[in-house]
Amino acid sequence: MRFSWLATATAILMLANGSILAEEPIKLKVLYAGNSGSDRAKDFVSFLEKHLIKVGSVDFGKFQEADAKDFDVVLFDWTSIYPRDKEGKINNSLGNIIMPPAPHLSADFAKPTVLIGAAGGQVAITRQLKINWL
């Protein structure tokens, strides 16, 4: 009986402690540079805001290096260029979504950066990174 009570109390304390830790935001400031106003951008920013101390958003095509000065990390992303129907299937009859050119980054840009999808590929090309589609 004593063991059962001790095991239960330990489990409750572990769960309570885990939930408290899970609610504390990670001390990381992230700038999302994507298709501002799109559902994808809203979802990314909403998700990040739940877990990080600071999240900002800027349009991919308008990104300037100075935008990143108050952030630890930059995420480059864009909505899929292939429009989809209500079931999520690519619908070529809707035409393509135009993605703006990648922002110009100087050789001195040293901010940790996450490159996602085609937008990330565009940035990689401008930086002469070897992560392009091989």
# chains A, B, ... in the order shown; residues from 1 in each chain; ligands from 1

call {"tool": "residues_around", "arguments": {"residues": "Tyr82 (chain A)", "least_positions_apart": "2", "cutoff": "7 Å", "atoms": "only C-alpha atoms", "output": "ChimeraX atom specification"}}
result
/A:80,84,90,96-97

call {"tool": "select_by_dssp", "arguments": {"residues": "region 59-134 of chain A", "states": "alpha helix (DSSP H)", "output": "JSON list (two decimals) with all heavy atoms, in the first residue's frame"}}
result
[["chain", "number", "residue", "atom", "x", "y", "z"],
["A", 117, "GLY", "N", 11.90, 24.93, -47.98],
["A", 117, "GLY", "CA", 11.27, 24.84, -49.29],
["A", 117, "GLY", "C", 11.95, 25.66, -50.37],
["A", 117, "GLY", "O", 13.16, 25.91, -50.35],
["A", 118, "ALA", "N", 11.13, 26.10, -51.34],
["A", 118, "ALA", "CA", 11.65, 26.84, -52.49],
["A", 118, "ALA", "C", 12.27, 28.17, -52.07],
["A", 118, "ALA", "O", 13.27, 28.60, -52.64],
["A", 118, "ALA", "CB", 10.54, 27.06, -53.51],
["A", 119, "ALA", "N", 11.69, 28.83, -51.09],
["A", 119, "ALA", "CA", 12.25, 30.09, -50.60],
["A", 119, "ALA", "C", 13.65, 29.85, -50.05],
["A", 119, "ALA", "O", 14.58, 30.61, -50.32],
["A", 119, "ALA", "CB", 11.35, 30.71, -49.54],
["A", 120, "GLY", "N", 13.79, 28.80, -49.27],
["A", 120, "GLY", "CA", 15.10, 28.45, -48.74],
["A", 120, "GLY", "C", 16.07, 28.11, -49.85],
["A", 120, "GLY", "O", 17.24, 28.48, -49.81],
["A", 121, "GLY", "N", 15.57, 27.43, -50.89],
["A", 121, "GLY", "CA", 16.41, 27.11, -52.03],
["A", 121, "GLY", "C", 16.90, 28.36, -52.75],
["A", 121, "GLY", "O", 18.06, 28.44, -53.15],
["A", 122, "GLN", "N", 16.01, 29.34, -52.88],
["A", 122, "GLN", "CA", 16.41, 30.60, -53.52],
["A", 122, "GLN", "C", 17.50, 31.31, -52.71],
["A", 122, "GLN", "O", 18.47, 31.81, -53.27],
["A", 122, "GLN", "CB", 15.22, 31.54, -53.65],
["A", 122, "GLN", "CG", 14.36, 31.28, -54.84],
["A", 122, "GLN", "CD", 13.40, 32.42, -55.09],
["A", 122, "GLN", "OE1", 13.23, 33.33, -54.27],
["A", 122, "GLN", "NE2", 12.75, 32.39, -56.23],
["A", 123, "VAL", "N", 17.32, 31.34, -51.40],
["A", 123, "VAL", "CA", 18.33, 31.98, -50.55],
["A", 123, "VAL", "C", 19.65, 31.20, -50.64],
["A", 123, "VAL", "O", 20.72, 31.79, -50.73],
["A", 123, "VAL", "CB", 17.84, 32.08, -49.09],
["A", 123, "VAL", "CG1", 18.95, 32.58, -48.18],
["A", 123, "VAL", "CG2", 16.63, 33.01, -49.00],
["A", 124, "ALA", "N", 19.57, 29.88, -50.66],
["A", 124, "ALA", "CA", 20.77, 29.05, -50.76],
["A", 124, "ALA", "C", 21.54, 29.34, -52.04],
["A", 124, "ALA", "O", 22.77, 29.43, -52.03],
["A", 124, "ALA", "CB", 20.40, 27.57, -50.69],
["A", 125, "ILE", "N", 20.83, 29.52, -53.14],
["A", 125, "ILE", "CA", 21.49, 29.81, -54.42],
["A", 125, "ILE", "C", 22.23, 31.14, -54.33],
["A", 125, "ILE", "O", 23.38, 31.24, -54.76],
["A", 125, "ILE", "CB", 20.46, 29.83, -55.57],
["A", 125, "ILE", "CG1", 19.97, 28.40, -55.84],
["A", 125, "ILE", "CG2", 21.06, 30.43, -56.84],
["A", 125, "ILE", "CD1", 18.76, 28.33, -56.75],
["A", 126, "THR", "N", 21.58, 32.16, -53.76],
["A", 126, "THR", "CA", 22.23, 33.47, -53.68],
["A", 126, "THR", "C", 23.45, 33.45, -52.76],
["A", 126, "THR", "O", 24.35, 34.26, -52.92],
["A", 126, "THR", "CB", 21.26, 34.57, -53.21],
["A", 126, "THR", "OG1", 20.87, 34.32, -51.86],
["A", 126, "THR", "CG2", 20.03, 34.66, -54.10]]

call {"tool": "atom_distance", "arguments": {"atom1": "CA of Phe47 (chain A)", "atom2": "CA of Phe60 (chain A)"}}
result
18.5 Å

call {"tool": "residues_around", "arguments": {"residues": "region 65-79 of chain A", "least_positions_apart": "3", "cutoff": "9 Å", "atoms": "only C-alpha atoms", "output": "PyMOL selection string"}}
result
chain A and resi 28-36+38-41+54-56+58+60+82+97+99+103-106+109+111-120+123

call {"tool": "atom_distance", "arguments": {"atom1": "CA of Asp85 (chain A)", "atom2": "CA of Pro100 (chain A)"}}
result
22.6 Å

call {"tool": "residues_around", "arguments": {"residues": "Ile26 (chain A)", "least_positions_apart": "2", "cutoff": "10 Å", "atoms": "only C-alpha atoms", "output": "PyMOL selection string"}}
result
chain A and resi 21-24+28-29+48-54

call {"tool": "write_last_selection", "arguments": {"atoms": "N, CA and C atoms", "output": "compact mmCIF listing (two decimals), in the first residue's frame"}}
result
# COMPACT_ATOMS: atom_id res chain seq x y z
N LEU A 21 7.08 23.00 -16.91
CA LEU A 21 8.21 23.26 -17.80
C LEU A 21 7.74 23.46 -19.24
N ALA A 22 6.73 22.71 -19.65
CA ALA A 22 6.24 22.82 -21.01
C ALA A 22 5.62 24.18 -21.29
N GLU A 23 5.12 24.86 -20.27
CA GLU A 23 4.47 26.14 -20.47
C GLU A 23 5.46 27.30 -20.52
N GLU A 24 6.68 27.09 -20.07
CA GLU A 24 7.67 28.16 -20.12
C GLU A 24 8.20 28.28 -21.54
N LEU A 28 14.31 32.03 -27.02
CA LEU A 28 14.79 32.15 -28.38
C LEU A 28 13.89 33.14 -29.11
N LYS A 29 14.50 34.04 -29.88
CA LYS A 29 13.76 35.05 -30.65
C LYS A 29 13.90 34.71 -32.13
N LEU A 48 4.95 29.16 -33.33
CA LEU A 48 6.18 29.65 -32.71
C LEU A 48 5.90 30.51 -31.49
N GLU A 49 4.85 31.34 -31.55
CA GLU A 49 4.52 32.22 -30.42
C GLU A 49 4.15 31.44 -29.16
N LYS A 50 3.66 30.22 -29.33
CA LYS A 50 3.31 29.39 -28.17
C LYS A 50 4.54 28.85 -27.45
N HIS A 51 5.68 28.84 -28.14
CA HIS A 51 6.85 28.15 -27.59
C HIS A 51 8.09 29.02 -27.40
N LEU A 52 8.09 30.23 -27.95
CA LEU A 52 9.30 31.06 -27.91
C LEU A 52 9.01 32.40 -27.24
N ILE A 53 10.06 33.07 -26.73
CA ILE A 53 9.84 34.34 -26.02
C ILE A 53 9.52 35.49 -26.96
N LYS A 54 9.98 35.43 -28.22
CA LYS A 54 9.69 36.52 -29.16
C LYS A 54 9.63 35.96 -30.57

call {"tool": "atom_distance", "arguments": {"atom1": "CA of Gly61 (chain A)", "atom2": "CA of Ile98 (chain A)"}}
result
11.1 Å
